[in-house]
Amino acid sequence: MTTSPSEHGAPPGSTGDDPPCDLAVVGAGPAGLAAAVTAAGLGLNVMLLDAGERPGGQYYRHPAPGLRAARPQALHHHWHVFARLERRLRAHTTTGRLRHLPGHHVWTVLPEQPAETRQSAPAPAPVWRLHAVADEGPGAGSEDGGESPVTVRAHTVLLATGAYERQLPFPGWTLPGVVGAGGAQAMLKSGLVLPGRRTVVAGSGPLLLAVAAALAAAGGTVPAVVEAADYPSYAHRPAALLRNPGKLAEGAAHGATLLRHGVRLLTRHAVTAAHGTARVQAVTVERLDRDWRPLPGSARRIPCDALATGHGLVPQLELATALGCATLRTADGTPALDLDGEQRTSVPGVWSAGETGGIGGAELALAEGELAAYSVARALRGTRLPPRAAVLRGRRDRLRAFGEAMATVHRPGVGWTAWLDDATHVCRCEEVPAGAIREAAGELGARDARTVKLLTRAGMGWCQGRMCGPAVACLAGAEPAPDRRPLSCPVPLGHLAALPGAGPPAQAPPPPQPPAPADR
Amino acid sequence: MTTTPARLVRADPGPPYEITFDGRPVPALPGQSIAAALWAAGILAWRTTRDSGAPRGAFCGIGACHDCLATVNGRPNRRACLVPARPGDVITTQKGTGHDDLAV
Ligand SMILES: Cc1cc2nc3c(=O)[nH]c(=O)nc-3n(C[C@H](O)[C@@H](O)[C@H](O)COP(=O)(O)OP(=O)(O)OC[C@H]3O[C@@H](n4cnc5c(N)ncnc54)[C@H](O)[C@@H]3O)c2cc1C
Ligand code: FES
């Protein structure tokens, strides 16, 4: 029994019965793209699956062809790098070495031979089955937007699933006009639209500067960038900064854009409330102490019609954790994959590259993706790592150090929870107020996000805790746990029923059964 | 001339086509998602929540939060930030969420 693609749009050869390809890459961001084209160049047969319609991931997100943008590079640094990757992608697609499946969300990866795969001896390469839904896009799902199931078999897997934005709630954050900072950037890059005319950009992390610079360059007014951390504290990490002149140049370029547009940068400040009824009309900004606790008497209001907010990024790990890949904690307490010098996870046959190994940016993702491809080729073909691998490793170590320095500076201070009042909805999907979560963590004794979820439904909605997970963990007094989601995305029940009946592999969780939250 | 995102990247899309939102005509540029077309028309909310009936629209912009669910041509629960706008699309405000046939 295998899944079968519908007649619409599902690529030929993805019924789950075809011979396995050499490498399946999940994610066509900088990491996955670099890995896929490098591996194809080394002669491997590669399948590249990505939830998005166009390659590029978050960093190289770009306008749909229909918008006919003559200068997409105006919204990107290093556009030429992407242009080159895309050319190679097209070339390898033409020869058939590489198959790119856009609009395919992989919801689980399962080993076919669970018993043999854990020996470190040179056992035959295992076969992995990647189950995806081909959805919602013109190139993938059916005409009416229905999803079709697709299964890909592969000898090795590279997980390059990137990151999502960490959100820390505050009163008013569910108002229309309050959008994720990365979300505003994504909507601008792909749809050429702004959330409003006057957009305050707030939260923490270097992405805020990139977002503010893009919004301002695209004609938006940015009254202020509100950063909870203290930029001068970068000065305490001179080594990592000085070894990464490219990163400094990028920061300086954003800084110059902000200066040119008269954008104020308020460090050690936070937006602690958004005001309005049908949409945001103003925000309250307060000065913070070292722990991100608002200082009494420092509140002021900034009128605006949009707020772009985010507090750093969180690696997207559910496919990896379901496979049993080991994780570690990065400098800001966030779980990331534990990878070796060749980007191998702790599970033989599974590699990872990019933000999944810790937040570090596009340049790092490119280096890791390429390095992983050499390692996969070595494992499958017994070839030696080329001298270039050492260069990439050096680059990776340097950029990882930079990422760690950034994570330390922008690590959320424990005092941020003082922004919340008890009525603030922490879980956007299920509308669970902070008061209920505090009660679960206090009187009811919940010590982690999972228990809070069972008690309050926080994290049980459609986003599966991506929006509230870090905040809920913090309110429960725990470090955030590695992502665990039985399914990486909502999946039609019919597709689950069609999974091969062989039963779950040793390292995978039991077959997903949580019924969808009932409609009340 | 004021800067716009389209001018910044020198976009030269074909003529806009029309979709409707709760009966009101909204122009969409070829290639834009439904959410992008609505944002361009100044519309930021196209869903109300199940419990409090609060208005919501696009939040994460990348298909992760499901806050942007809209009813498109009668089909509920479409992520407006991902679904491309097509000529004549009929978008209506979605009240609550129908979890019907999906497992999460
Ligand atoms: C919303 C957002 C906006 C960002 N904008 C910027 C920016 O403007 N500038 C900047 O410097 N950095 C930005 N970043 C940071 C970003 O993480 C980059 O550093 C870079 O894109 C990371 O590359 P990557 O290859 O590791 O992951 P990504 O670029 O995130 O690529 C991951 C890819 O995997 C796909 N994917 C994930 N899970 C699955 C699955 N289960 N099945 C199929 N496909 C899957 C995604 O669709 C995506 O295309 C942004 C991050 C986010 C979350
Ligand atoms: S805006 Fe988050 S899923 Fe569409």
# chains A, B, ... in the order shown; residues from 1 in each chain; ligands from 1

call {"tool": "residues_near_ligand", "arguments": {"ligand": "ligand 1", "cutoff": "7 Å", "atoms": "only C-alpha atoms and all ligand atoms", "output": "VMD selection string"}}
result
(chain A and resid 26 to 32 49 to 52 55 to 60 104 to 107 160 to 165 182 to 183 185 to 186 207 210 to 211 313 316 319 353 to 356 359 to 362 365 488) or (chain B and resid 60 to 62)

call {"tool": "write_last_selection", "arguments": {"atoms": "C-alpha atoms", "output": "short mmCIF file (atom, residue, chain, number, x, y, z; two decimals), in the first residue's frame"}}
result
data_model
loop_
_atom_site.label_atom_id
_atom_site.label_comp_id
_atom_site.auth_asym_id
_atom_site.auth_seq_id
_atom_site.Cartn_x
_atom_site.Cartn_y
_atom_site.Cartn_z
CA VAL A 26 14.06 19.25 2.21
CA GLY A 27 14.08 23.02 1.85
CA ALA A 28 15.22 25.17 -1.07
CA GLY A 29 16.59 28.07 0.96
CA PRO A 30 20.26 29.03 0.69
CA ALA A 31 21.34 25.84 2.51
CA GLY A 32 19.19 23.38 0.58
CA LEU A 49 11.43 19.42 -2.08
CA ASP A 50 10.25 22.77 -0.83
CA ALA A 51 7.00 24.07 0.58
CA GLY A 52 7.42 27.31 -1.36
CA PRO A 55 13.32 28.48 -4.74
CA GLY A 56 15.23 30.79 -2.40
CA GLY A 57 13.81 30.19 1.08
CA GLN A 58 13.48 33.18 3.36
CA TYR A 59 16.57 35.12 2.42
CA TYR A 60 16.14 34.93 -1.34
CA HIS A 104 5.66 20.26 -1.58
CA HIS A 105 5.49 20.33 2.19
CA VAL A 106 7.17 17.29 3.71
CA TRP A 107 5.18 16.31 6.77
CA ALA A 160 17.46 22.31 5.36
CA THR A 161 14.19 23.48 6.81
CA GLY A 162 15.44 26.82 8.11
CA ALA A 163 13.84 28.73 10.94
CA TYR A 164 10.75 30.56 11.98
CA GLU A 165 10.38 33.76 13.91
CA GLY A 182 10.08 38.49 8.92
CA GLY A 183 6.48 38.28 7.73
CA GLN A 185 9.77 41.27 4.88
CA ALA A 186 8.37 38.18 3.19
CA LEU A 207 16.73 40.86 11.19
CA ALA A 210 17.15 44.39 7.50
CA VAL A 211 13.36 44.64 7.69
CA LEU A 313 14.59 33.09 14.98
CA GLN A 316 12.56 24.44 12.53
CA LEU A 319 11.27 16.50 10.91
CA ALA A 353 22.49 22.52 7.00
CA GLY A 354 21.53 26.12 7.59
CA GLU A 355 19.44 27.55 10.41
CA THR A 356 18.50 24.10 11.70
CA ILE A 359 20.73 30.75 13.61
CA GLY A 360 23.59 32.17 11.59
CA GLY A 361 22.36 33.74 8.36
CA ALA A 362 22.37 33.04 4.66
CA ALA A 365 23.65 28.36 5.25
CA SER A 488 5.14 19.19 10.06
CA CYS B 60 3.78 35.39 9.70
CA GLY B 61 3.55 35.93 5.95
CA ILE B 62 5.08 32.52 5.22
#

call {"tool": "residues_near_ligand", "arguments": {"ligand": "ligand 2", "cutoff": "12 Å", "atoms": "only C-alpha atoms and all ligand atoms", "output": "PyMOL selection string"}}
result
(chain A and resi 164-165+176-187+195+428-429+462-464+466-467+489-490) or (chain B and resi 33-36+39+44-47+56-70+77-84)

call {"tool": "residues_around", "arguments": {"residues": "Ala331 in chain A", "least_positions_apart": "6", "cutoff": "9 Å", "atoms": "only C-alpha atoms", "output": "ChimeraX atom specification"}}
result
/A:403-408,411
